[in-house]
Amino acid sequence: MISTGNDIIDLSRIDVQRTKQERFYSKILSQAETDGYLTNGLVNLPFENFIWLLWSVKESVYKFSKRRFPLLVFSPKRIITGLISSPLEDHLPVFEERECENFSLKKKDCYCCIINTETGQYYSRSKVYNEIIYTVVSETENFDDIWWGIKYIYDVSPACQSESVRAFALEKFKEIYPNSKLSISKSPVGYPVLNVNENAMKTPLSFTHHFRFVAYSFVYNSTMISKDIF
Amino acid sequence: MDRQVILNELKKVLVPYTLNKEALNNINEQTDLIKDLKINSANLVDIIIDAENQYHIEIDMDSAERISNVGNCIDVIIEKMGSPN
């Protein structure tokens, strides 16, 4: 069963001083993971962003795994992040556009991590901007079939976040399934399900939102259409 | 400590992180922190630390894993305070 998981952090909402306190980050990271800030040479990344980068990775792995293991409980310290590589240009870019969409996540543009959990090994690619940290997880090192999008929203109410991310993803799916009736429902486990002409699709889809930003990820290539219905 | 007293105090702890203020007004032990109160998962560690400060306890992550609704949260607080339930 293929899956996907993504997570976004709006850095305007983090408490920088609290994040940097050991009491805070020790609830998320092991000592070895904390040491990785230096051993992986990530000092160009502010320490608080490093903490939230790994949170984002762990949350994405949880979402990825939850599709396969519905009873899974989020436990950040049971998700162990390993070697982390930095993007070629490690200054923090500004998220200049109101929305940003693409497929694939190039290693050279991302912080990349290998993750081990009781449910398996995973790979993450994270884009870190001045304003946000955005992560997508895969179980292979190939991210070519992963589509993703990030959008800035003005109304941060829970209803608007939910509505905005659904509309954003549906706009993308309209390009893949033109002239079809599209909708998004929620599985009993809680992950989003794409419906095309009222048929639930296998296309794994993940939503995330944090304050001013919403984002989606899904796995798709053209060979999936013919075998996409549950 | 009485569960209702803890619930009322917990409500104050949750205020800064709760997006659904109406659900917070109607909070009960079955209220889910994420699904009902719309608390972002990124704030869960903040809530644990605020609860630790409020009750002078330490909540390890094994215990934190059990917290999904208000009732679970009260269970963990009482357990860590060493009070009879």
# chains A, B, ... in the order shown; residues from 1 in each chain; ligands from 1
$ interface_residues --of "chain A" --to "chain B" --cutoff "9 Å" --atoms "only C-alpha atoms" --output "MDAnalysis selection string"
chainID A and resid 9 14 18 23:25 27:28 52 55:56 59 73:77 156:158 209:211
$ residues_around --residues "range 172-175 of chain A" --least-positions-apart "5" --cutoff "9 Å" --atoms "only C-alpha atoms" --output "PyMOL selection string"
chain A and resi 101+149+167+180-182+194
$ write_last_selection --atoms "N, CA and C atoms" --output "mmCIF file, in the first residue's frame"
data_model
loop_
_atom_site.group_PDB
_atom_site.id
_atom_site.type_symbol
_atom_site.label_atom_id
_atom_site.label_comp_id
_atom_site.auth_asym_id
_atom_site.auth_seq_id
_atom_site.Cartn_x
_atom_site.Cartn_y
_atom_site.Cartn_z
ATOM 1 N N GLU A 101 3.543 25.218 -6.032
ATOM 2 C CA GLU A 101 3.205 23.821 -6.289
ATOM 3 C C GLU A 101 4.259 23.224 -7.197
ATOM 4 N N GLY A 149 2.029 20.958 -2.690
ATOM 5 C CA GLY A 149 1.685 22.374 -2.837
ATOM 6 C C GLY A 149 1.589 23.037 -1.484
ATOM 7 N N ALA A 167 -9.721 22.773 -1.358
ATOM 8 C CA ALA A 167 -9.898 23.474 -2.638
ATOM 9 C C ALA A 167 -8.570 23.537 -3.400
ATOM 10 N N SER A 180 -14.157 15.601 -14.755
ATOM 11 C CA SER A 180 -14.643 14.603 -13.794
ATOM 12 C C SER A 180 -15.216 15.321 -12.582
ATOM 13 N N LYS A 181 -16.100 14.615 -11.900
ATOM 14 C CA LYS A 181 -16.652 15.170 -10.668
ATOM 15 C C LYS A 181 -15.716 14.786 -9.531
ATOM 16 N N LEU A 182 -15.129 15.777 -8.912
ATOM 17 C CA LEU A 182 -14.107 15.519 -7.891
ATOM 18 C C LEU A 182 -14.587 15.962 -6.505
ATOM 19 N N LEU A 194 -9.440 11.036 -2.082
ATOM 20 C CA LEU A 194 -9.915 11.669 -3.311
ATOM 21 C C LEU A 194 -11.006 10.801 -3.929
#
$ closest_residue --among "B:Glu79, B:Asp36, B:Asp50, B:Glu29" --to "Asn8 in chain B" --atoms "only C-alpha atoms"
B:Glu29
$ residues_around --residues "Lys20 in chain A" --least-positions-apart "5" --cutoff "9 Å" --atoms "only C-alpha atoms" --output "number ranges by chain"
A: 15, 25, 47-48, 51
$ residues_around --residues "Met81 in chain B" --least-positions-apart "5" --cutoff "9 Å" --atoms "only C-alpha atoms" --output "PyMOL selection string"
chain B and resi 1+55-57+76
$ closest_residue --among "A:Ser138, A:Ser85, A:Asn44, A:Ser12" --to "Leu105 in chain A" --atoms "only C-alpha atoms"
A:Ser138
$ residues_around --residues "Asn102 in chain A" --least-positions-apart "5" --cutoff "9 Å" --atoms "only C-alpha atoms" --output "PyMOL selection string"
chain A and resi 146-149
$ write_last_selection --atoms "C-alpha atoms" --output "PDB file, in the first residue's frame"
ATOM      1  CA  ILE A 146       5.283  13.099  -5.258  1.00  0.00           C
ATOM      2  CA  TRP A 147       3.176  16.166  -5.939  1.00  0.00           C
ATOM      3  CA  TRP A 148       3.005  18.892  -3.356  1.00  0.00           C
ATOM      4  CA  GLY A 149       1.685  22.374  -2.837  1.00  0.00           C
TER       5      GLY A 149
END
